[in-house]
file upload.txt (compact mmCIF, C-alpha atoms)
# COMPACT_ATOMS: atom_id res chain seq x y z
CA MET R 1 226.42 -29.47 11.41
CA ILE R 2 224.56 -32.60 10.36
CA ASP R 3 226.63 -35.78 10.22
CA LEU R 4 227.50 -36.46 6.60
CA LYS R 5 227.84 -40.18 7.27
CA VAL R 6 224.22 -40.29 8.39
CA ILE R 7 223.08 -38.49 5.24
CA ILE R 8 225.05 -40.79 2.98
CA GLY R 9 223.77 -43.78 4.94
CA ASN R 10 220.23 -42.67 4.12
CA ILE R 11 220.90 -43.46 0.46
CA GLY R 12 220.20 -47.07 1.47
CA LYS R 13 216.60 -46.11 2.27
CA LEU R 14 215.86 -45.32 -1.36
CA LYS R 15 214.26 -47.93 -3.53
CA PRO R 16 216.84 -48.67 -6.23
CA LEU R 17 215.84 -48.75 -9.88
CA PRO R 18 214.43 -52.22 -10.52
CA GLN R 19 216.92 -54.63 -12.04
CA VAL R 20 214.72 -55.00 -15.07
CA ALA R 21 215.34 -51.29 -15.82
CA ASN R 22 219.10 -51.82 -15.97
CA ARG R 23 218.63 -54.90 -18.15
CA ILE R 24 216.33 -52.97 -20.47
CA MET R 25 218.79 -50.10 -20.81
CA GLU R 26 221.45 -52.64 -21.78
CA LEU R 27 219.17 -54.21 -24.36
CA ALA R 28 218.23 -50.81 -25.77
CA ALA R 29 221.88 -49.92 -26.20
CA ASP R 30 222.66 -53.20 -27.95
CA PRO R 31 222.06 -52.99 -31.70
CA LYS R 32 221.79 -56.75 -31.89
CA SER R 33 218.86 -56.99 -29.48
CA SER R 34 215.38 -57.54 -30.89
CA LEU R 35 211.97 -56.17 -30.04
CA ALA R 36 210.87 -59.67 -29.12
CA GLU R 37 213.68 -59.93 -26.60
CA LEU R 38 212.73 -56.62 -25.04
CA SER R 39 209.04 -57.54 -24.84
CA GLU R 40 209.96 -60.77 -23.14
CA VAL R 41 212.11 -59.13 -20.48
CA ILE R 42 209.32 -56.68 -19.67
CA SER R 43 206.57 -59.25 -19.57
CA TYR R 44 208.29 -61.17 -16.78
CA ASP R 45 207.54 -58.23 -14.51
CA GLN R 46 203.80 -58.15 -13.93
CA ALA R 47 203.56 -54.87 -12.09
CA LEU R 48 205.68 -53.19 -14.72
CA THR R 49 203.57 -54.67 -17.51
CA ALA R 50 200.32 -53.49 -15.97
CA ASN R 51 201.67 -50.02 -15.34
CA LEU R 52 203.14 -49.77 -18.81
CA LEU R 53 199.87 -50.71 -20.50
CA ARG R 54 197.99 -48.14 -18.43
CA VAL R 55 200.39 -45.39 -19.50
CA CYS R 56 200.42 -46.50 -23.15
CA ASN R 57 196.65 -46.17 -23.24
CA SER R 58 196.66 -42.66 -21.72
CA THR R 59 195.81 -39.57 -23.71
CA TYR R 60 199.52 -38.69 -23.74
CA PHE R 61 199.85 -40.99 -26.73
CA GLY R 62 196.32 -40.46 -28.00
CA LEU R 63 196.20 -43.83 -29.73
CA SER R 64 193.01 -44.74 -31.52
CA ARG R 65 192.99 -48.31 -30.31
CA GLN R 66 193.57 -50.05 -27.05
CA ILE R 67 196.99 -51.60 -26.47
CA GLU R 68 196.63 -54.96 -24.80
CA SER R 69 200.08 -56.48 -24.71
CA ILE R 70 203.68 -55.42 -24.28
CA HIS R 71 204.42 -56.83 -27.69
CA GLN R 72 201.80 -54.52 -29.21
CA ALA R 73 203.09 -51.55 -27.17
CA VAL R 74 206.61 -52.07 -28.49
CA LEU R 75 205.35 -52.43 -32.04
CA ILE R 76 203.11 -49.36 -31.98
CA LEU R 77 205.07 -46.94 -29.81
CA GLY R 78 208.50 -48.21 -30.73
CA MET R 79 211.21 -49.56 -28.53
CA ASP R 80 212.52 -46.16 -27.47
CA GLN R 81 209.27 -44.84 -26.07
CA VAL R 82 208.72 -48.08 -24.21
CA VAL R 83 212.20 -47.98 -22.70
CA ASP R 84 211.65 -44.42 -21.50
CA LEU R 85 208.32 -45.40 -19.95
CA ILE R 86 209.97 -48.25 -18.08
CA LEU R 87 212.61 -45.92 -16.72
CA LEU R 88 209.83 -43.57 -15.60
CA SER R 89 207.98 -46.26 -13.77
CA GLY R 90 211.17 -47.46 -12.10
CA ALA R 91 212.10 -44.05 -10.80
CA ALA R 92 208.69 -42.89 -9.65
CA GLU R 93 208.55 -44.11 -6.09
CA ASN R 94 211.59 -42.24 -4.79
CA LEU R 95 210.64 -38.94 -6.34
CA LYS R 96 206.94 -38.89 -5.60
CA ASN R 97 206.97 -38.28 -1.89
CA VAL R 98 209.50 -35.52 -1.41
CA GLU R 99 207.72 -32.55 0.20
CA LYS R 100 209.42 -30.94 3.15
CA GLY R 101 212.64 -29.00 2.92
CA TYR R 102 212.01 -27.94 -0.62
CA ASP R 103 208.46 -26.81 0.25
CA LEU R 104 206.97 -28.95 -2.47
CA SER R 105 203.43 -30.15 -2.82
CA LYS R 106 203.01 -33.88 -3.11
CA GLY R 107 204.29 -35.14 -6.43
CA ASP R 108 206.04 -31.89 -7.41
CA LEU R 109 209.56 -33.32 -7.59
CA TRP R 110 208.16 -36.10 -9.73
CA ARG R 111 206.47 -33.59 -12.05
CA TYR R 112 209.71 -31.62 -12.24
CA SER R 113 211.73 -34.74 -13.03
CA VAL R 114 209.41 -36.13 -15.70
CA ALA R 115 209.04 -32.73 -17.36
CA SER R 116 212.84 -32.30 -17.38
CA ALA R 117 213.32 -35.74 -18.90
CA ILE R 118 210.81 -35.10 -21.70
CA LEU R 119 212.27 -31.66 -22.35
CA ALA R 120 215.80 -33.07 -22.42
CA ARG R 121 214.66 -35.59 -25.00
CA ASP R 122 213.05 -32.79 -27.07
CA ILE R 123 216.22 -30.67 -26.88
CA ALA R 124 218.42 -33.64 -27.77
CA GLU R 125 216.27 -34.26 -30.85
CA ARG R 126 216.75 -30.65 -31.90
CA LYS R 127 220.50 -31.28 -31.69
CA GLY R 128 220.10 -34.36 -33.86
CA ILE R 129 220.56 -36.82 -30.99
CA ARG R 130 217.79 -39.38 -31.10
CA ASN R 131 216.78 -42.15 -28.75
CA ASN R 132 219.33 -41.38 -26.13
CA HIS R 133 218.06 -43.10 -23.01
CA MET R 134 221.04 -41.93 -21.04
CA ILE R 135 220.00 -38.28 -21.53
CA PHE R 136 216.41 -39.11 -20.62
CA THR R 137 217.39 -41.07 -17.52
CA ALA R 138 219.98 -38.57 -16.34
CA ALA R 139 217.43 -35.75 -16.65
CA LEU R 140 214.86 -37.85 -14.84
CA LEU R 141 217.17 -38.70 -11.94
CA LYS R 142 219.33 -35.58 -11.72
CA ASP R 143 217.54 -34.40 -8.56
CA ILE R 144 217.34 -37.79 -6.86
CA GLY R 145 219.71 -36.34 -4.25
CA LYS R 146 216.86 -34.12 -3.07
CA ALA R 147 214.95 -37.22 -1.98
CA VAL R 148 217.69 -37.94 0.55
CA LEU R 149 218.65 -34.36 1.39
CA ALA R 150 215.11 -33.02 1.95
CA ASP R 151 215.08 -33.59 5.73
CA CYS R 152 218.41 -31.80 6.15
CA VAL R 153 217.25 -28.93 3.97
CA ALA R 154 214.15 -28.62 6.15
CA GLU R 155 216.35 -28.48 9.27
CA SER R 156 218.73 -25.91 7.82
CA PHE R 157 216.18 -24.02 5.78
CA GLU R 158 216.55 -20.65 7.50
CA GLN R 159 220.30 -20.66 7.04
CA ILE R 160 220.06 -21.80 3.42
CA ASN R 161 217.45 -19.17 2.68
CA ARG R 162 219.63 -16.46 4.25
CA LEU R 163 222.64 -17.53 2.17
CA VAL R 164 220.51 -17.35 -0.97
CA THR R 165 218.73 -14.07 -0.30
CA GLU R 166 221.47 -12.16 1.51
CA GLN R 167 224.66 -13.50 -0.04
CA GLY R 168 223.44 -14.25 -3.54
CA MET R 169 224.39 -17.91 -3.40
CA SER R 170 222.58 -20.43 -5.54
CA PHE R 171 220.42 -22.87 -3.63
CA ARG R 172 222.89 -25.67 -4.36
CA GLU R 173 225.83 -23.63 -3.08
CA ALA R 174 223.84 -22.79 0.04
CA GLU R 175 223.05 -26.48 0.63
CA LYS R 176 226.74 -27.24 0.43
CA GLN R 177 227.63 -24.44 2.83
CA ALA R 178 224.91 -25.19 5.36
CA ILE R 179 224.80 -28.99 5.25
CA GLY R 180 228.23 -29.89 3.88
CA ILE R 181 226.86 -31.66 0.81
CA ASP R 182 224.46 -30.61 -1.95
CA HIS R 183 221.77 -32.51 -3.83
CA ALA R 184 223.85 -32.82 -7.01
CA GLU R 185 226.81 -34.40 -5.18
CA LEU R 186 224.52 -36.67 -3.25
CA GLY R 187 222.70 -37.58 -6.48
CA ALA R 188 226.01 -38.63 -8.00
CA MET R 189 226.71 -40.88 -4.99
CA ILE R 190 223.31 -42.51 -5.44
CA ALA R 191 223.94 -43.00 -9.16
CA LEU R 192 227.28 -44.60 -8.34
CA LYS R 193 225.71 -46.91 -5.80
CA TRP R 194 223.08 -47.91 -8.35
CA LYS R 195 225.89 -48.75 -10.78
CA PHE R 196 225.02 -46.16 -13.40
CA SER R 197 227.62 -45.43 -16.07
CA PRO R 198 230.44 -43.03 -15.08
CA LYS R 199 229.09 -40.56 -17.63
CA MET R 200 225.65 -40.54 -16.04
CA VAL R 201 227.19 -40.09 -12.59
CA ALA R 202 229.17 -37.11 -13.91
CA ILE R 203 226.11 -35.52 -15.51
CA ILE R 204 224.04 -35.81 -12.34
CA LYS R 205 226.89 -34.26 -10.37
CA ASN R 206 227.38 -31.39 -12.80
CA HIS R 207 223.88 -30.58 -14.02
CA HIS R 208 224.25 -27.35 -12.10
CA PRO R 209 227.42 -25.58 -13.13
CA ALA R 210 230.70 -25.75 -11.31
CA VAL R 211 230.54 -28.66 -8.90
CA ASP R 212 233.76 -29.90 -10.47
CA ALA R 213 235.63 -26.77 -11.51
CA SER R 214 237.53 -28.70 -14.16
CA TYR R 215 234.49 -30.51 -15.60
CA ASP R 216 234.43 -30.49 -19.35
CA TYR R 217 230.85 -29.74 -20.33
CA ASP R 218 229.85 -32.22 -23.01
CA LEU R 219 226.74 -31.82 -25.12
CA GLU R 220 224.71 -34.22 -22.97
CA THR R 221 225.37 -32.27 -19.78
CA CYS R 222 224.54 -29.00 -21.55
CA ILE R 223 221.24 -30.44 -22.76
CA ILE R 224 220.29 -31.52 -19.25
CA HIS R 225 221.33 -28.14 -17.82
CA LEU R 226 219.06 -26.41 -20.31
CA ALA R 227 216.15 -28.79 -19.68
CA ASP R 228 216.56 -28.10 -15.96
CA ILE R 229 216.59 -24.35 -16.42
CA LEU R 230 213.60 -24.35 -18.73
CA CYS R 231 211.55 -26.40 -16.25
CA MET R 232 212.46 -23.95 -13.50
CA THR R 233 211.56 -21.08 -15.76
CA MET R 234 208.20 -22.61 -16.57
CA GLY R 235 207.60 -23.30 -12.89
CA ILE R 236 206.77 -26.97 -13.34
CA GLY R 237 206.93 -28.63 -9.92
CA VAL R 238 209.29 -25.98 -8.52
CA GLY R 239 209.76 -25.63 -4.77
CA ALA R 240 211.36 -23.33 -2.22
CA ASP R 241 214.59 -23.31 -4.20
CA GLY R 242 212.65 -21.52 -6.93
CA LEU R 243 214.88 -20.20 -9.68
CA ALA R 244 217.87 -19.74 -7.38
CA TYR R 245 220.31 -21.67 -9.55
CA ARG R 246 223.03 -20.43 -11.83
CA PHE R 247 222.66 -20.04 -15.53
CA ASN R 248 225.78 -21.09 -17.39
CA GLN R 249 226.69 -19.06 -20.47
CA GLU R 250 229.41 -21.47 -21.51
CA MET R 251 227.03 -24.41 -21.56
CA MET R 252 224.47 -22.37 -23.47
CA ALA R 253 227.07 -21.34 -26.02
CA LYS R 254 227.92 -25.00 -26.59
CA LEU R 255 224.33 -25.73 -27.48
CA GLY R 256 224.29 -22.84 -29.93
CA PHE R 257 220.63 -21.94 -29.50
CA SER R 258 219.39 -18.43 -30.10
CA GLU R 259 216.91 -16.82 -27.74
CA ARG R 260 214.24 -17.42 -30.35
CA ASN R 261 215.12 -21.14 -30.44
CA LEU R 262 214.66 -21.30 -26.68
CA PHE R 263 211.28 -19.58 -26.92
CA GLU R 264 210.30 -22.12 -29.57
CA ILE R 265 211.30 -24.99 -27.30
CA ILE R 266 209.19 -23.50 -24.50
CA ALA R 267 206.20 -22.93 -26.78
CA ALA R 268 206.38 -26.48 -28.15
CA PHE R 269 206.59 -27.92 -24.68
CA GLY R 270 203.83 -25.62 -23.41
CA GLU R 271 201.55 -26.91 -26.09
CA LYS R 272 201.86 -30.50 -24.96
CA LEU R 273 201.89 -29.71 -21.25
CA GLN R 274 198.44 -31.15 -20.66
CA GLN R 275 199.42 -34.49 -22.11
CA VAL R 276 202.65 -34.40 -20.12
CA GLU R 277 200.62 -33.82 -16.93
CA GLU R 278 198.53 -36.85 -17.82
CA LEU R 279 201.66 -38.95 -18.18
CA ILE R 280 202.95 -37.62 -14.86
CA SER R 281 199.77 -38.51 -13.03
CA LEU R 282 199.70 -42.02 -14.46
CA SER R 283 203.31 -43.10 -14.20
CA MET P 1 189.27 -22.56 -10.10
CA VAL P 2 192.80 -23.46 -11.05
CA VAL P 3 194.35 -21.51 -13.90
CA GLY P 4 196.98 -23.69 -15.58
CA VAL P 5 200.02 -22.66 -17.59
CA SER P 6 198.95 -20.80 -20.76
CA ASP P 7 195.46 -20.58 -19.36
CA MET P 8 192.91 -18.01 -18.21
CA LYS P 9 189.73 -17.99 -16.15
CA VAL P 10 187.18 -15.24 -15.61
CA SER P 11 184.35 -15.46 -13.12
CA ASN P 12 181.53 -13.52 -11.50
CA ASP P 13 180.56 -16.39 -9.25
CA LEU P 14 180.81 -15.01 -5.71
CA GLU P 15 181.93 -18.36 -4.39
CA SER P 16 184.88 -18.76 -6.70
CA VAL P 17 188.57 -18.37 -5.97
CA LEU P 18 190.94 -18.12 -8.93
CA ILE P 19 194.43 -19.46 -8.38
CA THR P 20 197.50 -20.05 -10.48
CA TYR P 21 200.50 -21.92 -9.10
CA SER P 22 204.20 -21.64 -9.48
CA LEU P 23 204.89 -18.69 -11.74
CA GLY P 24 208.58 -18.73 -12.63
CA SER P 25 209.42 -16.48 -15.52
CA CYS P 26 205.79 -16.74 -16.61
CA ILE P 27 203.54 -13.88 -15.56
CA GLY P 28 200.18 -13.95 -13.83
CA ILE P 29 197.80 -11.06 -14.32
CA ALA P 30 194.82 -10.72 -12.01
CA VAL P 31 192.07 -8.20 -12.78
CA TYR P 32 189.02 -7.30 -10.70
CA ASP P 33 186.06 -4.99 -11.14
CA PRO P 34 184.59 -4.31 -7.67
CA VAL P 35 181.26 -2.98 -8.99
CA VAL P 36 180.16 -6.07 -10.88
CA LYS P 37 182.44 -8.35 -8.82
CA VAL P 38 184.12 -9.87 -11.84
CA GLY P 39 187.58 -11.37 -11.43
CA GLY P 40 189.96 -12.74 -14.02
CA LEU P 41 193.35 -14.44 -13.95
CA LEU P 42 195.76 -15.11 -16.81
CA HIS P 43 198.97 -17.20 -16.71
CA PHE P 44 201.05 -16.66 -19.85
CA MET P 45 204.49 -18.05 -20.76
CA LEU P 46 205.98 -15.96 -23.55
CA PRO P 47 205.96 -12.31 -24.65
CA GLU P 48 204.98 -12.24 -28.30
CA SER P 49 202.69 -14.36 -30.46
CA GLU P 50 204.75 -13.47 -33.53
CA LEU P 51 206.94 -16.43 -32.48
CA ASP P 52 204.30 -18.87 -33.66
CA PRO P 53 200.97 -17.45 -34.89
CA VAL P 54 199.46 -20.92 -35.31
CA LYS P 55 200.11 -21.81 -31.69
CA ALA P 56 198.81 -18.38 -30.66
CA GLN P 57 195.56 -19.00 -32.47
CA HIS P 58 195.20 -22.39 -30.91
CA ASN P 59 196.23 -21.21 -27.46
CA PRO P 60 196.13 -17.41 -27.13
CA CYS P 61 196.89 -17.56 -23.39
CA MET P 62 200.41 -18.75 -24.13
CA PHE P 63 201.49 -15.22 -25.15
CA ALA P 64 201.18 -11.79 -23.50
CA ASP P 65 199.99 -9.98 -26.60
CA THR P 66 197.16 -12.43 -27.30
CA GLY P 67 196.39 -13.48 -23.71
CA ILE P 68 195.96 -10.00 -22.19
CA PRO P 69 193.39 -8.83 -24.78
CA LEU P 70 191.50 -12.08 -24.28
CA LEU P 71 191.52 -11.61 -20.50
CA TYR P 72 190.03 -8.13 -20.84
CA LYS P 73 187.45 -9.15 -23.47
CA SER P 74 186.32 -12.04 -21.31
CA ALA P 75 185.95 -9.75 -18.29
CA TYR P 76 184.00 -7.18 -20.37
CA MET P 77 181.61 -9.92 -21.40
CA LEU P 78 180.69 -10.33 -17.74
CA GLY P 79 180.10 -6.59 -17.41
CA ALA P 80 183.50 -5.42 -16.19
CA LYS P 81 184.68 -1.94 -17.23
CA LYS P 82 188.31 -1.14 -17.90
CA GLN P 83 188.40 2.06 -15.82
CA ARG P 84 187.13 0.25 -12.74
CA MET P 85 189.42 -2.75 -12.98
CA ARG P 86 192.18 -3.30 -10.44
CA VAL P 87 195.28 -4.90 -11.95
CA ILE P 88 197.88 -7.10 -10.27
CA VAL P 89 200.99 -8.38 -12.04
CA VAL P 90 203.23 -11.11 -10.55
CA GLY P 91 205.95 -13.47 -11.77
CA GLY P 92 208.63 -12.72 -14.34
CA ALA P 93 211.46 -14.25 -12.29
CA LYS P 94 214.87 -15.22 -13.61
CA ILE P 95 217.69 -17.69 -13.05
CA ILE P 96 220.87 -16.32 -11.39
CA ASP P 97 223.61 -15.06 -13.77
CA GLN P 98 221.47 -14.70 -16.87
CA LYS P 99 223.01 -11.34 -17.71
CA GLY P 100 220.43 -10.42 -20.28
CA PHE P 101 220.70 -13.54 -22.35
CA PHE P 102 217.44 -15.42 -22.44
CA ASN P 103 215.94 -13.39 -19.64
CA ILE P 104 212.48 -14.51 -20.47
CA GLY P 105 211.03 -13.13 -17.21
CA LYS P 106 212.18 -9.65 -18.06
CA ARG P 107 210.96 -9.97 -21.63
CA ASN P 108 207.56 -11.05 -20.35
CA HIS P 109 207.44 -8.13 -17.95
CA MET P 110 208.40 -5.65 -20.65
CA ALA P 111 205.68 -7.04 -22.91
CA VAL P 112 203.07 -6.48 -20.19
CA ARG P 113 204.28 -2.93 -19.56
CA LYS P 114 204.17 -2.13 -23.24
CA ILE P 115 200.64 -3.45 -23.73
CA PHE P 116 199.32 -1.69 -20.63
CA TRP P 117 201.06 1.57 -21.51
CA LYS P 118 199.55 1.56 -25.00
CA ASN P 119 196.12 0.95 -23.53
CA ASN P 120 196.38 3.40 -20.62
CA VAL P 121 196.15 0.73 -17.97
CA VAL P 122 197.73 1.47 -14.61
CA ILE P 123 199.09 -1.50 -12.66
CA ASP P 124 197.90 -1.34 -9.04
CA TYR P 125 200.26 -3.90 -7.58
CA GLU P 126 203.32 -5.57 -8.96
CA ASP P 127 205.61 -8.27 -7.57
CA VAL P 128 207.97 -9.13 -10.37
CA GLY P 129 211.52 -10.47 -10.87
CA GLY P 130 213.99 -12.04 -8.47
CA ASN P 131 214.87 -15.74 -8.37
CA VAL P 132 211.66 -16.96 -6.75
CA ASN P 133 208.50 -18.58 -7.90
CA ARG P 134 205.09 -17.29 -6.96
CA THR P 135 201.49 -18.39 -6.59
CA ILE P 136 198.60 -15.93 -6.82
CA ARG P 137 195.06 -16.33 -5.58
CA LEU P 138 192.08 -14.00 -6.17
CA GLU P 139 188.74 -14.14 -4.38
CA THR P 140 185.83 -13.10 -6.59
CA CYS P 141 183.44 -11.93 -3.87
CA SER P 142 185.87 -9.35 -2.44
CA GLY P 143 188.65 -8.88 -5.00
CA GLN P 144 191.10 -9.77 -2.26
CA ALA P 145 194.31 -11.28 -3.61
CA TRP P 146 197.18 -13.16 -1.99
CA VAL P 147 200.66 -13.87 -3.28
CA LYS P 148 202.78 -16.74 -2.01
CA VAL P 149 206.49 -16.89 -2.69
CA SER P 150 207.66 -20.48 -2.29
CA GLY P 151 209.41 -21.16 0.98
CA LYS P 152 207.61 -18.20 2.61
CA SER P 153 204.12 -17.60 3.93
CA GLU P 154 201.34 -16.08 1.85
CA ILE P 155 201.03 -12.28 1.71
CA LYS P 156 197.70 -10.47 1.54
CA ILE P 157 197.79 -7.66 -1.00
call {"tool": "encode", "arguments": {"input": "upload.txt", "output": "structure tokens"}}
result
Amino acid sequence: MIDLKVIIGNIGKLKPLPQVANRIMELAADPKSSLAELSEVISYDQALTANLLRVCNSTYFGLSRQIESIHQAVLILGMDQVVDLILLSGAAENLKNVEKGYDLSKGDLWRYSVASAILARDIAERKGIRNNHMIFTAALLKDIGKAVLADCVAESFEQINRLVTEQGMSFREAEKQAIGIDHAELGAMIALKWKFSPKMVAIIKNHHPAVDASYDYDLETCIIHLADILCMTMGIGVGADGLAYRFNQEMMAKLGFSERNLFEIIAAFGEKLQQVEELISLS
Amino acid sequence: MVVGVSDMKVSNDLESVLITYSLGSCIGIAVYDPVVKVGGLLHFMLPESELDPVKAQHNPCMFADTGIPLLYKSAYMLGAKKQRMRVIVVGGAKIIDQKGFFNIGKRNHMAVRKIFWKNNVVIDYEDVGGNVNRTIRLETCSGQAWVKVSGKSEIKI
């Protein structure tokens, strides 16, 4: 058995979300904050500014003119898009280099995370929830635990794989059994350490069903569960864990989508997949 | 040549290798005519174009019932003949515990079966279902294909 203390200690090796990201989330949530204030906070961070301008000018947005300043970006794309882009650029580094264990190609976990975040935002909009950065961020970071757990998964892969194929466990359940902790639990510990809201910590922990047996599935968690499952289904950045996760009927019922609705969500996302890939490669 | 999601490629270039990555519930269909050495690969997402005819017109490879005919027509244009074509079908996986609801992999598979049955096409090799994702590769010079299930090594078929 791998020492759990060592695994948890490895959380410290991650690069935390930049402070500016936390500050920007606060500003976005504050109805009294202004666009000018937001632009100012961003422009203090040069690397972030440069990266943001590059992404704003990508074909993902297909703008007819070049954006040259953060102020312009906020005006043209709106505060919410800009906030999401900042969160993307803050999270990228930790998720880009996960390969072993989950048998991913370089950048796959990042693709998976960005696609989930965009899908979660799309699904939230269908449920009438707009501009919810918490949903976007939770979907983006829900698998951050994999970045720490990957080495252990690689070490225990044969056992995990046996538990999945022979005993019908989900990949998460098999991680827990073989290693003593799974990526969702570990992700919640990371979120806690990074001082995310209790709600976000709970969503990351429970984005796969039944980590906490008594967890009350709120709409946000259900949205992220669905975004996760649809990404798996579409095979975007999926690794050795494949589709070996549980589908939760109760969460689906809460969302109230018909099968046709789900197909529509997939088709709509499929149509913009090329632009999404562009965003993934740039951010 | 990489075949993306909702995409298709057909080739008679002897140097080319067609590949599509990470089929979850999507299905990949590889066809090959050994006489004219024409290979084709389709990666579709959803069973029926009736869902959204506008999208289907814009991107026929998104759906089984518009993508499969396009795959065959494109192969015919390079001289392939239906009766000589070898057909491989992979993908159509599902999440655990779906119990019929939203089993898109199964729906996709049934759509393929229905179209092929109507058109008297026999599937030569099939690797469908389960909770895994798959990558398929087809070599145009030989018609040799390989399937890789993630976490395992590639299988020659």
call {"tool": "interface_residues", "arguments": {"input": "upload.txt", "of": "chain R", "to": "chain P", "cutoff": "7 Å", "atoms": "all atoms listed in the file", "output": "PDB file with C-alpha atoms, in the frame of the given file"}}
result
ATOM      1  CA  ASP R 103     208.460 -26.810   0.250  1.00  0.00           C
ATOM      2  CA  MET R 232     212.460 -23.950 -13.500  1.00  0.00           C
ATOM      3  CA  THR R 233     211.560 -21.080 -15.760  1.00  0.00           C
ATOM      4  CA  MET R 234     208.200 -22.610 -16.570  1.00  0.00           C
ATOM      5  CA  GLY R 235     207.600 -23.300 -12.890  1.00  0.00           C
ATOM      6  CA  VAL R 238     209.290 -25.980  -8.520  1.00  0.00           C
ATOM      7  CA  GLY R 239     209.760 -25.630  -4.770  1.00  0.00           C
ATOM      8  CA  ALA R 240     211.360 -23.330  -2.220  1.00  0.00           C
ATOM      9  CA  GLY R 242     212.650 -21.520  -6.930  1.00  0.00           C
ATOM     10  CA  LEU R 243     214.880 -20.200  -9.680  1.00  0.00           C
ATOM     11  CA  ALA R 244     217.870 -19.740  -7.380  1.00  0.00           C
ATOM     12  CA  TYR R 245     220.310 -21.670  -9.550  1.00  0.00           C
ATOM     13  CA  ARG R 246     223.030 -20.430 -11.830  1.00  0.00           C
ATOM     14  CA  PHE R 247     222.660 -20.040 -15.530  1.00  0.00           C
ATOM     15  CA  GLU R 259     216.910 -16.820 -27.740  1.00  0.00           C
TER      16      GLU R 259
END
call {"tool": "residues_around", "arguments": {"input": "upload.txt", "residues": "Ser74 in chain P", "least_positions_apart": "2", "cutoff": "12 Å", "atoms": "only C-alpha atoms", "output": "list in words"}}
result
Met8, Lys9, Val10, Ser11, Asn12, Val31, Tyr32, Val38, Gly39, Gly40, Leu41, Leu42, Gly67, Ile68, Pro69, Leu70, Leu71, Tyr72, Tyr76, Met77, Leu78, Gly79, Ala80, Lys81 and Lys82 of chain P
call {"tool": "residues_around", "arguments": {"input": "upload.txt", "residues": "Glu68 in chain R", "least_positions_apart": "2", "cutoff": "12 Å", "atoms": "all atoms listed in the file", "output": "list of chain:residue names"}}
result
R:Thr49, R:Ala50, R:Asn51, R:Leu52, R:Leu53, R:Arg54, R:Val55, R:Cys56, R:Asn57, R:Arg65, R:Gln66, R:Ile70, R:His71, R:Gln72, R:Ala73, R:Val74, R:Leu75, R:Ile76
call {"tool": "residues_around", "arguments": {"input": "upload.txt", "residues": "Asn261 in chain R", "least_positions_apart": "5", "cutoff": "10 Å", "atoms": "all atoms listed in the file", "output": "PyMOL selection string"}}
result
(chain R and resi 126+256+266-267) or (chain P and resi 51)
call {"tool": "closest_residue", "arguments": {"input": "upload.txt", "among": "R:Met252, R:Ile86, R:Gln81, R:Ser214", "to": "Asp45 in chain R", "atoms": "only C-alpha atoms"}}
result
R:Ile86
call {"tool": "residues_around", "arguments": {"input": "upload.txt", "residues": "range 127-134 of chain R", "least_positions_apart": "2", "cutoff": "12 Å", "atoms": "only C-alpha atoms", "output": "NGL selection string"}}
result
:R and (21-22 or 24-29 or 78-88 or 117-118 or 120-125 or 136-142 or 196-204 or 219-224 or 254-257 or 261 or 265)
call {"tool": "atom_distance", "arguments": {"input": "upload.txt", "atom1": "CA of Ile280 in chain R", "atom2": "CA of Arg111 in chain R"}}
result
6.0 Å
call {"tool": "closest_residue", "arguments": {"input": "upload.txt", "among": "R:Glu277, R:Asp30, R:Asp108, R:Asp241", "to": "Ile160 in chain R", "atoms": "all atoms listed in the file"}}
result
R:Asp241
call {"tool": "atom_distance", "arguments": {"input": "upload.txt", "atom1": "CA of Glu15 in chain P", "atom2": "CA of Ser105 in chain R"}}
result
24.6 Å
call {"tool": "atom_distance", "arguments": {"input": "upload.txt", "atom1": "CA of Ser116 in chain R", "atom2": "CA of Val276 in chain R"}}
result
10.8 Å
call {"tool": "axis_aligned_box", "arguments": {"input": "upload.txt", "around": "range 6-25 of chain P", "padding_each_side": "4 Å", "output": "AutoDock Vina command-line options"}}
result
--center_x 195.0 --center_y -17.7 --center_z -12.6 --size_x 36.9 --size_y 16.4 --size_z 24.4
call {"tool": "decode", "arguments": {"input": "upload.txt", "residues": "range 106-121 of chain R", "atoms": "C-alpha atoms", "output": "compact mmCIF listing (two decimals), in the first residue's frame"}}
result
# COMPACT_ATOMS: atom_id res chain seq x y z
CA LYS R 106 0.26 14.89 -23.59
CA GLY R 107 -2.38 17.52 -22.97
CA ASP R 108 -5.30 15.07 -22.81
CA LEU R 109 -6.33 15.83 -19.23
CA TRP R 110 -6.24 19.49 -20.13
CA ARG R 111 -8.45 18.88 -23.18
CA TYR R 112 -10.82 16.86 -21.02
CA SER R 113 -10.96 19.58 -18.36
CA VAL R 114 -11.51 22.50 -20.73
CA ALA R 115 -14.14 20.60 -22.71
CA SER R 116 -15.95 19.69 -19.47
CA ALA R 117 -15.88 23.30 -18.30
CA ILE R 118 -17.32 24.62 -21.57
CA LEU R 119 -19.94 21.88 -21.64
CA ALA R 120 -20.89 22.56 -18.02
CA ARG R 121 -21.37 26.21 -18.92
